[in-house]
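Visitor: Contents of query-v4.pdb (PDB, C-alpha atoms) are given next:
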```
ATOM      1  CA  MET A  54    -100.314  26.459 -31.139
ATOM      2  CA  LEU A  55     -97.981  24.174 -29.193
ATOM      3  CA  LYS A  56    -100.685  23.478 -26.589
ATOM      4  CA  LYS A  57    -103.123  22.580 -29.338
ATOM      5  CA  ASN A  58    -100.687  20.196 -31.083
ATOM      6  CA  LEU A  59     -98.729  18.929 -28.081
ATOM      7  CA  PRO A  60     -97.341  15.423 -28.681
ATOM      8  CA  THR A  61     -98.258  12.846 -26.025
ATOM      9  CA  ASP A  62     -94.658  12.523 -24.820
ATOM     10  CA  HIS A  63     -94.040  16.284 -24.471
ATOM     11  CA  VAL A  64     -94.761  18.534 -21.473
ATOM     12  CA  ILE A  65     -95.068  22.307 -21.307
ATOM     13  CA  VAL A  66     -93.740  23.784 -18.055
ATOM     14  CA  GLN A  67     -95.005  27.332 -17.536
ATOM     15  CA  MET A  68     -93.439  28.932 -14.467
ATOM     16  CA  ASP A  69     -92.850  32.271 -12.826
ATOM     17  CA  PHE A  70     -91.853  33.613  -9.430
ATOM     18  CA  SER A  71     -94.726  34.950  -7.395
ATOM     19  CA  GLU A  72     -94.202  37.944  -5.142
ATOM     20  CA  ASN A  73     -92.772  36.629  -1.862
ATOM     21  CA  TYR A  74     -95.291  35.838   0.846
ATOM     22  CA  SER A  75     -94.850  37.894   4.037
ATOM     23  CA  CYS A  76     -95.483  35.664   7.018
ATOM     24  CA  SER A  77     -97.661  37.045   9.778
ATOM     25  CA  GLN A  78     -99.640  36.088  12.851
ATOM     26  CA  ALA A  79    -103.056  37.232  13.930
ATOM     27  CA  ASP A  80    -101.585  38.758  17.125
ATOM     28  CA  GLU A  81     -98.074  39.855  16.315
ATOM     29  CA  VAL A  82     -95.844  42.379  17.999
ATOM     30  CA  GLN A  83     -94.887  45.557  16.150
ATOM     31  CA  SER A  84     -91.358  44.348  15.333
ATOM     32  CA  ALA A  85     -92.814  41.294  13.528
ATOM     33  CA  TYR A  86     -94.914  43.616  11.379
ATOM     34  CA  PHE A  87     -91.912  45.677  10.288
ATOM     35  CA  ASN A  88     -89.523  42.689   9.917
ATOM     36  CA  PRO A  89     -91.606  39.861   8.439
ATOM     37  CA  THR A  90     -90.208  36.489   7.473
ATOM     38  CA  MET A  91     -90.539  35.967   3.733
ATOM     39  CA  VAL A  92     -91.364  32.835   1.747
ATOM     40  CA  THR A  93     -90.545  32.280  -1.915
ATOM     41  CA  LEU A  94     -93.446  30.915  -3.961
ATOM     42  CA  HIS A  95     -92.739  29.595  -7.448
ATOM     43  CA  PRO A  96     -95.947  28.489  -9.190
ATOM     44  CA  VAL A  97     -95.664  26.039 -12.084
ATOM     45  CA  VAL A  98     -98.309  24.753 -14.479
ATOM     46  CA  LEU A  99     -97.604  21.537 -16.394
ATOM     47  CA  TYR A 100     -99.534  20.996 -19.631
ATOM     48  CA  PHE A 101     -99.657  17.488 -21.083
ATOM     49  CA  LYS A 102    -101.879  15.156 -23.078
ATOM     50  CA  ALA A 103    -104.086  12.974 -20.884
ATOM     51  CA  ASP A 104    -104.839   9.338 -21.756
ATOM     52  CA  THR A 105    -108.010  10.594 -23.478
ATOM     53  CA  GLY A 106    -105.914  12.730 -25.831
ATOM     54  CA  GLU A 107    -107.236  15.955 -24.305
ATOM     55  CA  LEU A 108    -104.936  18.678 -23.050
ATOM     56  CA  ALA A 109    -104.659  18.431 -19.259
ATOM     57  CA  HIS A 110    -102.739  20.389 -16.659
ATOM     58  CA  ARG A 111    -101.319  20.024 -13.177
ATOM     59  CA  SER A 112    -100.434  22.941 -10.947
ATOM     60  CA  ILE A 113     -97.423  22.821  -8.649
ATOM     61  CA  MET A 114     -96.444  25.383  -6.031
ATOM     62  CA  ILE A 115     -92.793  25.250  -5.001
ATOM     63  CA  VAL A 116     -92.336  26.721  -1.525
ATOM     64  CA  SER A 117     -88.855  27.686  -0.347
ATOM     65  CA  ASP A 118     -87.010  29.627   2.308
ATOM     66  CA  GLU A 119     -84.425  30.613  -0.341
ATOM     67  CA  LEU A 120     -85.223  34.248  -1.144
ATOM     68  CA  GLY A 121     -82.834  34.707  -4.064
ATOM     69  CA  HIS A 122     -84.839  34.867  -7.281
ATOM     70  CA  ASN A 123     -81.848  34.015  -9.439
ATOM     71  CA  SER A 124     -80.668  31.368 -11.901
ATOM     72  CA  GLY A 125     -79.245  29.132  -9.145
ATOM     73  CA  THR A 126     -82.642  29.015  -7.469
ATOM     74  CA  VAL A 127     -84.360  28.343 -10.812
ATOM     75  CA  PHE A 128     -81.951  25.454 -11.467
ATOM     76  CA  ALA A 129     -82.698  23.992  -8.016
ATOM     77  CA  PHE A 130     -86.429  24.290  -8.703
ATOM     78  CA  ILE A 131     -86.024  22.536 -12.067
ATOM     79  CA  LYS A 132     -84.165  19.704 -10.312
ATOM     80  CA  SER A 133     -87.134  19.411  -7.951
ATOM     81  CA  LEU A 134     -89.617  19.507 -10.838
ATOM     82  CA  ILE A 135     -88.159  16.718 -12.974
ATOM     83  CA  PRO A 136     -89.363  13.902 -10.640
ATOM     84  CA  GLU A 137     -92.803  15.558 -10.483
ATOM     85  CA  ILE A 138     -92.937  15.708 -14.283
ATOM     86  CA  ASN A 139     -91.908  12.054 -14.560
ATOM     87  CA  GLU A 140     -94.667  11.128 -12.112
ATOM     88  CA  VAL A 141     -97.346  12.984 -14.088
ATOM     89  CA  VAL A 142     -96.113  11.932 -17.553
ATOM     90  CA  PRO A 143     -93.992   8.790 -17.052
ATOM     91  CA  LYS A 144     -92.878   8.554 -20.702
ATOM     92  CA  VAL A 145     -92.000  12.217 -21.196
ATOM     93  CA  LYS A 146     -89.378  12.758 -23.887
ATOM     94  CA  TRP A 147     -89.280  16.555 -24.243
ATOM     95  CA  ILE A 148     -89.902  19.567 -21.982
ATOM     96  CA  HIS A 149     -90.916  22.992 -23.268
ATOM     97  CA  TYR A 150     -90.247  25.704 -20.657
ATOM     98  CA  TRP A 151     -92.305  28.897 -20.849
ATOM     99  CA  THR A 152     -91.272  31.827 -18.660
ATOM    100  CA  ASP A 153     -91.081  35.581 -18.686
ATOM    101  CA  SER A 154     -87.667  37.003 -19.453
ATOM    102  CA  PRO A 155     -85.931  38.764 -16.564
ATOM    103  CA  THR A 156     -82.203  38.318 -16.975
ATOM    104  CA  SER A 157     -81.696  37.759 -13.250
ATOM    105  CA  GLN A 158     -83.899  34.651 -13.264
ATOM    106  CA  TYR A 159     -84.420  32.898 -16.582
ATOM    107  CA  ARG A 160     -82.691  34.633 -19.486
ATOM    108  CA  ASN A 161     -78.984  34.518 -18.723
ATOM    109  CA  ARG A 162     -75.886  32.497 -19.527
ATOM    110  CA  TYR A 163     -76.422  30.057 -16.648
ATOM    111  CA  MET A 164     -79.899  29.129 -17.831
ATOM    112  CA  PHE A 165     -78.693  28.950 -21.443
ATOM    113  CA  TYR A 166     -76.057  26.490 -20.245
ATOM    114  CA  THR A 167     -78.776  24.516 -18.434
ATOM    115  CA  ILE A 168     -81.012  24.323 -21.493
ATOM    116  CA  SER A 169     -78.134  23.457 -23.839
ATOM    117  CA  ASN A 170     -77.087  20.624 -21.494
ATOM    118  CA  HIS A 171     -80.594  19.650 -20.371
ATOM    119  CA  GLU A 172     -80.389  16.185 -21.918
ATOM    120  CA  ASN A 173     -77.095  15.425 -20.114
ATOM    121  CA  LEU A 174     -78.375  16.866 -16.830
ATOM    122  CA  PHE A 175     -81.918  15.450 -16.794
ATOM    123  CA  ASP A 176     -81.976  12.662 -19.423
ATOM    124  CA  MET A 177     -84.313  14.515 -21.797
ATOM    125  CA  PRO A 178     -83.982  17.408 -24.218
ATOM    126  CA  ALA A 179     -85.800  20.682 -23.724
ATOM    127  CA  SER A 180     -86.539  24.031 -25.295
ATOM    128  CA  TRP A 181     -87.106  27.379 -23.594
ATOM    129  CA  ASN A 182     -89.492  30.092 -24.751
ATOM    130  CA  PHE A 183     -89.714  33.562 -23.243
ATOM    131  CA  PHE A 184     -92.778  35.764 -23.047
ATOM    132  CA  GLU A 185     -92.239  39.342 -24.043
ATOM    133  CA  ALA A 186     -92.040  42.086 -21.429
ATOM    134  CA  GLY A 187     -95.446  43.246 -20.284
ATOM    135  CA  HIS A 188     -97.083  39.989 -21.398
ATOM    136  CA  GLY A 189     -99.862  40.332 -18.831
ATOM    137  CA  LYS A 190    -101.004  37.928 -16.178
ATOM    138  CA  GLY A 191    -101.006  34.177 -16.629
ATOM    139  CA  PRO A 192    -101.937  31.027 -14.738
ATOM    140  CA  CYS A 193     -98.864  31.210 -12.474
ATOM    141  CA  ASP A 194     -99.906  34.672 -11.278
ATOM    142  CA  GLY A 195    -103.334  33.290 -10.423
ATOM    143  CA  LEU A 196    -101.877  30.345  -8.495
ATOM    144  CA  GLY A 197     -99.573  32.584  -6.464
ATOM    145  CA  GLY A 198    -102.330  35.088  -5.710
ATOM    146  CA  VAL A 199    -104.815  32.440  -4.594
ATOM    147  CA  ALA A 200    -102.234  30.712  -2.373
ATOM    148  CA  LYS A 201    -101.261  33.979  -0.664
ATOM    149  CA  ARG A 202    -104.889  35.061  -0.225
ATOM    150  CA  MET A 203    -105.817  31.701   1.325
ATOM    151  CA  ALA A 204    -102.765  31.823   3.618
ATOM    152  CA  ASP A 205    -103.726  35.337   4.784
ATOM    153  CA  GLN A 206    -107.254  34.103   5.415
ATOM    154  CA  ALA A 207    -105.900  31.184   7.476
ATOM    155  CA  VAL A 208    -103.757  33.573   9.547
ATOM    156  CA  ARG A 209    -106.825  35.728  10.245
ATOM    157  CA  GLN A 210    -108.483  32.549  11.536
ATOM    158  CA  ASP A 211    -105.644  32.068  14.047
ATOM    159  CA  LYS A 212    -103.498  29.664  12.024
ATOM    160  CA  SER A 213     -99.815  30.366  12.427
ATOM    161  CA  ILE A 214     -97.669  30.668   9.280
ATOM    162  CA  GLN A 215     -94.348  31.993  10.514
ATOM    163  CA  ASP A 216     -91.873  30.643   7.968
ATOM    164  CA  ALA A 217     -91.507  28.669   4.729
ATOM    165  CA  GLU A 218     -91.855  25.296   6.415
ATOM    166  CA  ASP A 219     -95.105  26.412   8.101
ATOM    167  CA  PHE A 220     -96.382  27.628   4.727
ATOM    168  CA  TYR A 221     -95.463  24.290   3.136
ATOM    169  CA  GLN A 222     -97.159  22.257   5.891
ATOM    170  CA  TRP A 223    -100.256  24.464   5.727
ATOM    171  CA  GLY A 224    -100.263  24.347   1.906
ATOM    172  CA  LYS A 225     -99.820  20.584   1.756
ATOM    173  CA  LYS A 226    -102.892  20.193   3.933
ATOM    174  CA  ASN A 227    -105.052  23.001   2.513
ATOM    175  CA  LEU A 228    -103.947  23.532  -1.088
ATOM    176  CA  SER A 229    -102.845  20.094  -2.316
ATOM    177  CA  ASP A 230    -105.505  18.163  -4.163
ATOM    178  CA  GLY A 231    -105.786  16.545  -7.570
ATOM    179  CA  ALA A 232    -105.166  19.863  -9.331
ATOM    180  CA  LEU A 233    -102.495  21.529  -7.162
ATOM    181  CA  HIS A 234     -99.448  19.899  -5.601
ATOM    182  CA  VAL A 235     -97.305  21.767  -3.068
ATOM    183  CA  CYS A 236     -93.558  20.992  -3.054
ATOM    184  CA  TRP A 237     -90.860  21.976  -0.569
ATOM    185  CA  ARG A 238     -87.372  23.079  -1.531
ATOM    186  CA  ARG A 239     -85.165  23.905   1.460
ATOM    187  CA  GLY A 240     -82.286  26.303   1.500
ATOM    188  CA  SER A 241     -79.882  27.608  -1.041
ATOM    189  CA  PRO A 242     -79.516  25.903  -4.415
TER     190      PRO A 242
END
```
Would you give me this structure, written as C-alpha coordinates?
Guide:
Amino acid sequence: MLKKNLPTDHVIVQMDFSENYSCSQADEVQSAYFNPTMVTLHPVVLYFKADTGELAHRSIMIVSDELGHNSGTVFAFIKSLIPEINEVVPKVKWIHYWTDSPTSQYRNRYMFYTISNHENLFDMPASWNFFEAGHGKGPCDGLGGVAKRMADQAVRQDKSIQDAEDFYQWGKKNLSDGALHVCWRRGSP
(Lines of atoms letter the chains of each structure in order from A and count residues from 1; the text may use other names and numbers.)
(Lines give C-alpha, C1' and ligand atoms only; values in the text may rest on other atoms or scores of the structure.)
Protein backbone atom coordinates (compact mmCIF):
# COMPACT_ATOMS: atom_id res chain seq x y z
CA MET A 1 0.00 0.00 0.00
CA LEU A 2 2.84 2.38 0.84
CA LYS A 3 4.48 1.76 -2.55
CA LYS A 4 1.21 2.52 -4.29
CA ASN A 5 0.64 5.78 -2.36
CA LEU A 6 4.23 6.88 -1.82
CA PRO A 7 4.52 10.67 -1.52
CA THR A 8 7.00 12.30 -3.91
CA ASP A 9 9.34 13.33 -1.09
CA HIS A 10 9.45 9.88 0.58
CA VAL A 11 11.77 6.96 -0.18
CA ILE A 12 11.41 3.29 0.71
CA VAL A 13 14.72 1.59 1.49
CA GLN A 14 14.40 -2.20 1.33
CA MET A 15 17.61 -3.91 2.42
CA ASP A 16 18.97 -7.23 3.57
CA PHE A 17 22.33 -8.93 3.96
CA SER A 18 23.15 -11.38 1.23
CA GLU A 19 25.10 -14.52 2.04
CA ASN A 20 28.79 -13.58 2.01
CA TYR A 21 30.60 -14.07 -1.28
CA SER A 22 33.51 -16.54 -1.10
CA CYS A 23 36.36 -15.23 -3.21
CA SER A 24 38.08 -17.69 -5.51
CA GLN A 25 40.43 -17.96 -8.45
CA ALA A 26 40.20 -20.17 -11.48
CA ASP A 27 43.51 -21.87 -10.54
CA GLU A 28 43.77 -21.79 -6.78
CA VAL A 29 45.79 -23.91 -4.42
CA GLN A 30 44.01 -26.26 -2.02
CA SER A 31 44.53 -24.00 1.01
CA ALA A 32 42.70 -21.15 -0.79
CA TYR A 33 39.74 -23.46 -1.35
CA PHE A 34 39.46 -24.36 2.33
CA ASN A 35 40.23 -20.83 3.64
CA PRO A 36 38.48 -18.43 1.25
CA THR A 37 38.41 -14.68 1.71
CA MET A 38 34.85 -13.51 2.27
CA VAL A 39 33.07 -10.37 1.07
CA THR A 40 29.96 -8.87 2.65
CA LEU A 41 27.25 -7.95 0.14
CA HIS A 42 24.35 -5.80 1.33
CA PRO A 43 21.80 -5.26 -1.45
CA VAL A 44 19.45 -2.28 -1.18
CA VAL A 45 16.48 -1.29 -3.33
CA LEU A 46 15.28 2.32 -3.19
CA TYR A 47 11.67 2.97 -4.22
CA PHE A 48 10.66 6.54 -5.06
CA LYS A 49 8.33 8.54 -7.27
CA ALA A 50 9.91 9.55 -10.57
CA ASP A 51 9.26 12.95 -12.18
CA THR A 52 6.47 11.27 -14.17
CA GLY A 53 4.70 10.31 -10.94
CA GLU A 54 5.34 6.60 -11.53
CA LEU A 55 6.96 4.40 -8.91
CA ALA A 56 10.64 3.93 -9.79
CA HIS A 57 13.48 2.07 -8.14
CA ARG A 58 17.26 2.07 -7.93
CA SER A 59 19.31 -0.89 -6.81
CA ILE A 60 22.46 -0.44 -4.76
CA MET A 61 24.95 -3.13 -3.77
CA ILE A 62 27.12 -2.23 -0.79
CA VAL A 63 30.37 -4.21 -0.87
CA SER A 64 32.50 -4.42 2.27
CA ASP A 65 35.37 -6.30 3.83
CA GLU A 66 33.62 -5.98 7.22
CA LEU A 67 32.20 -9.45 7.89
CA GLY A 68 30.18 -8.63 11.00
CA HIS A 69 26.49 -8.66 10.13
CA ASN A 70 25.54 -6.61 13.16
CA SER A 71 23.91 -3.29 14.06
CA GLY A 72 27.21 -1.37 13.87
CA THR A 73 27.69 -2.52 10.30
CA VAL A 74 24.07 -1.67 9.45
CA PHE A 75 24.56 1.84 10.88
CA ALA A 76 27.72 2.30 8.79
CA PHE A 77 25.83 1.15 5.69
CA ILE A 78 23.00 3.61 6.42
CA LYS A 79 25.57 6.41 6.72
CA SER A 80 26.85 5.40 3.28
CA LEU A 81 23.32 5.23 1.86
CA ILE A 82 22.11 8.69 2.88
CA PRO A 83 24.22 10.53 0.24
CA GLU A 84 23.06 8.02 -2.39
CA ILE A 85 19.44 8.62 -1.42
CA ASN A 86 19.92 12.39 -1.58
CA GLU A 87 21.43 12.01 -5.05
CA VAL A 88 18.49 9.95 -6.34
CA VAL A 89 15.76 11.99 -4.60
CA PRO A 90 17.27 15.42 -3.82
CA LYS A 91 14.24 16.69 -1.88
CA VAL A 92 13.65 13.59 0.22
CA LYS A 93 11.91 14.34 3.52
CA TRP A 94 11.18 10.87 4.92
CA ILE A 95 12.76 7.40 4.70
CA HIS A 96 10.84 4.17 5.23
CA TYR A 97 13.20 1.26 5.98
CA TRP A 98 11.99 -2.26 5.20
CA THR A 99 14.06 -5.19 6.47
CA ASP A 100 13.67 -8.66 7.85
CA SER A 101 13.90 -8.92 11.61
CA PRO A 102 16.98 -10.70 12.95
CA THR A 103 17.86 -9.20 16.30
CA SER A 104 21.59 -9.30 15.55
CA GLN A 105 21.21 -6.97 12.56
CA TYR A 106 18.12 -4.78 12.44
CA ARG A 107 15.76 -5.34 15.37
CA ASN A 108 17.70 -4.39 18.48
CA ARG A 109 18.18 -1.49 20.86
CA TYR A 110 20.98 0.07 18.80
CA MET A 111 18.84 0.25 15.68
CA PHE A 112 15.87 1.49 17.71
CA TYR A 113 18.13 4.26 18.98
CA THR A 114 19.16 5.01 15.38
CA ILE A 115 15.58 5.22 14.14
CA SER A 116 14.42 7.30 17.12
CA ASN A 117 17.28 9.76 16.51
CA HIS A 118 17.30 9.50 12.71
CA GLU A 119 16.31 13.13 12.22
CA ASN A 120 19.16 14.36 14.46
CA LEU A 121 21.66 11.99 12.85
CA PHE A 122 20.70 12.35 9.18
CA ASP A 123 18.53 15.50 8.96
CA MET A 124 15.33 13.62 8.09
CA PRO A 125 12.84 11.49 9.99
CA ALA A 126 12.34 7.82 9.25
CA SER A 127 10.25 4.79 10.09
CA TRP A 128 11.28 1.14 10.18
CA ASN A 129 9.11 -1.82 9.21
CA PHE A 130 10.07 -5.45 9.70
CA PHE A 131 9.00 -8.39 7.57
CA GLU A 132 7.84 -11.41 9.48
CA ALA A 133 10.05 -14.47 9.82
CA GLY A 134 9.89 -16.72 6.79
CA HIS A 135 8.67 -13.87 4.57
CA GLY A 136 10.14 -15.47 1.45
CA LYS A 137 12.53 -14.06 -1.08
CA GLY A 138 12.53 -10.44 -2.16
CA PRO A 139 14.35 -8.12 -4.54
CA CYS A 140 17.46 -7.93 -2.32
CA ASP A 141 17.85 -11.71 -2.48
CA GLY A 142 17.69 -11.52 -6.27
CA LEU A 143 20.31 -8.75 -6.42
CA GLY A 144 22.71 -10.65 -4.18
CA GLY A 145 22.24 -13.91 -6.09
CA VAL A 146 22.78 -12.32 -9.49
CA ALA A 147 25.90 -10.46 -8.32
CA LYS A 148 27.45 -13.62 -6.87
CA ARG A 149 26.56 -15.71 -9.93
CA MET A 150 28.09 -13.12 -12.27
CA ALA A 151 31.22 -12.88 -10.10
CA ASP A 152 31.61 -16.69 -10.17
CA GLN A 153 31.19 -16.61 -13.94
CA ALA A 154 33.89 -13.92 -14.21
CA VAL A 155 36.27 -16.02 -12.08
CA ARG A 156 35.68 -19.02 -14.36
CA GLN A 157 36.71 -16.74 -17.24
CA ASP A 158 40.05 -16.04 -15.51
CA LYS A 159 39.12 -12.78 -13.78
CA SER A 160 40.62 -12.53 -10.33
CA ILE A 161 38.33 -11.59 -7.42
CA GLN A 162 40.42 -12.19 -4.32
CA ASP A 163 38.99 -9.73 -1.81
CA ALA A 164 36.29 -7.11 -1.22
CA GLU A 165 38.14 -4.38 -3.08
CA ASP A 166 38.54 -6.65 -6.13
CA PHE A 167 34.82 -7.44 -5.97
CA TYR A 168 34.00 -3.73 -5.77
CA GLN A 169 36.26 -2.84 -8.71
CA TRP A 170 34.85 -5.72 -10.77
CA GLY A 171 31.27 -4.82 -9.76
CA LYS A 172 31.70 -1.13 -10.52
CA LYS A 173 32.79 -2.04 -14.03
CA ASN A 174 30.43 -4.97 -14.70
CA LEU A 175 27.35 -4.43 -12.53
CA SER A 176 26.95 -0.65 -12.29
CA ASP A 177 24.56 0.84 -14.81
CA GLY A 178 21.46 2.98 -14.64
CA ALA A 179 19.63 0.39 -12.53
CA LEU A 180 22.35 -0.90 -10.18
CA HIS A 181 24.99 1.13 -8.37
CA VAL A 182 27.86 -0.57 -6.53
CA CYS A 183 29.18 1.17 -3.39
CA TRP A 184 32.28 0.46 -1.31
CA ARG A 185 32.39 0.56 2.47
CA ARG A 186 35.82 -0.24 3.91
CA GLY A 187 36.53 -1.73 7.27
CA SER A 188 34.78 -1.78 10.57
CA PRO A 189 31.93 0.61 11.29
Visitor: Mind telling me what the PyMOL selection byres ((chain A and resi 215) around 7) catches here, as a ChimeraX atom specification?
Guide: /A:76-77,90,213-214,216,219
Visitor: If I take atom CA of Leu134 of chain A and atom CA of Val235 of chain A, how far is one from the other in Å, to one decimal?
Guide: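 Result for atom CA of Leu134 of chain A versus atom CA of Val235 of chain A: 11.2 Å, one decimal.
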Visitor: What are the closest atom pairs, with distances in Å to one decimal, for all residues of segment 62-155 of chain A lying within 10 Å of segment 162-179 of chain A? Consider all atoms listed in the file, order rows by chain and residue number, and present the result as a Markdown table.
Guide:
```
| residue | atom | partner | partner_atom | distance |
| --- | --- | --- | --- | --- |
| A:His63 | CA | A:Ala179 | CA | 9.4 |
| A:Val64 | CA | A:Ala179 | CA | 9.5 |
| A:Ile65 | CA | A:Ala179 | CA | 9.7 |
| A:Asn123 | CA | A:Tyr163 | CA | 9.9 |
| A:Ser124 | CA | A:Met164 | CA | 6.4 |
| A:Gly125 | CA | A:Tyr163 | CA | 8.1 |
| A:Val127 | CA | A:Met164 | CA | 8.4 |
| A:Phe128 | CA | A:Met164 | CA | 7.6 |
| A:Ile131 | CA | A:Phe175 | CA | 9.5 |
| A:Lys132 | CA | A:Phe175 | CA | 8.1 |
| A:Ile135 | CA | A:Phe175 | CA | 7.4 |
| A:Pro136 | CA | A:Phe175 | CA | 9.8 |
| A:Val145 | CA | A:Met177 | CA | 8.0 |
| A:Lys146 | CA | A:Met177 | CA | 5.8 |
| A:Trp147 | CA | A:Pro178 | CA | 5.4 |
| A:Ile148 | CA | A:Ala179 | CA | 4.6 |
| A:His149 | CA | A:Ala179 | CA | 5.6 |
| A:Tyr150 | CA | A:Ala179 | CA | 7.4 |
```
Visitor: Could you list, as a list in words, every residue matched by the PyMOL selection byres ((chain A and resi 110) around 6) in this structure?
Guide: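 For this structure, the PyMOL selection byres ((chain A and resi 110) around 6) captures Leu99, Tyr100, Ala109 and Arg111 of chain A.
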Visitor: Could you tell me, as a list in words, which residues have any atom at most 6 Å from (-96.8, 35.6, -6.5), counting only C-alpha atoms?
Guide: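 Using only C-alpha atoms, the matching residues come out as Ser71, Glu72, Asp194, Gly197 and Gly198 of chain A.
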Visitor: Suppose we keep C-alpha atoms; can you now write the selection as a JSON list (two decimals), in the frame of the given file?
Guide:
```json
[["chain", "number", "residue", "atom", "x", "y", "z"],
["A", 71, "SER", "CA", -94.73, 34.95, -7.40],
["A", 72, "GLU", "CA", -94.20, 37.94, -5.14],
["A", 194, "ASP", "CA", -99.91, 34.67, -11.28],
["A", 197, "GLY", "CA", -99.57, 32.58, -6.46],
["A", 198, "GLY", "CA", -102.33, 35.09, -5.71]]
```
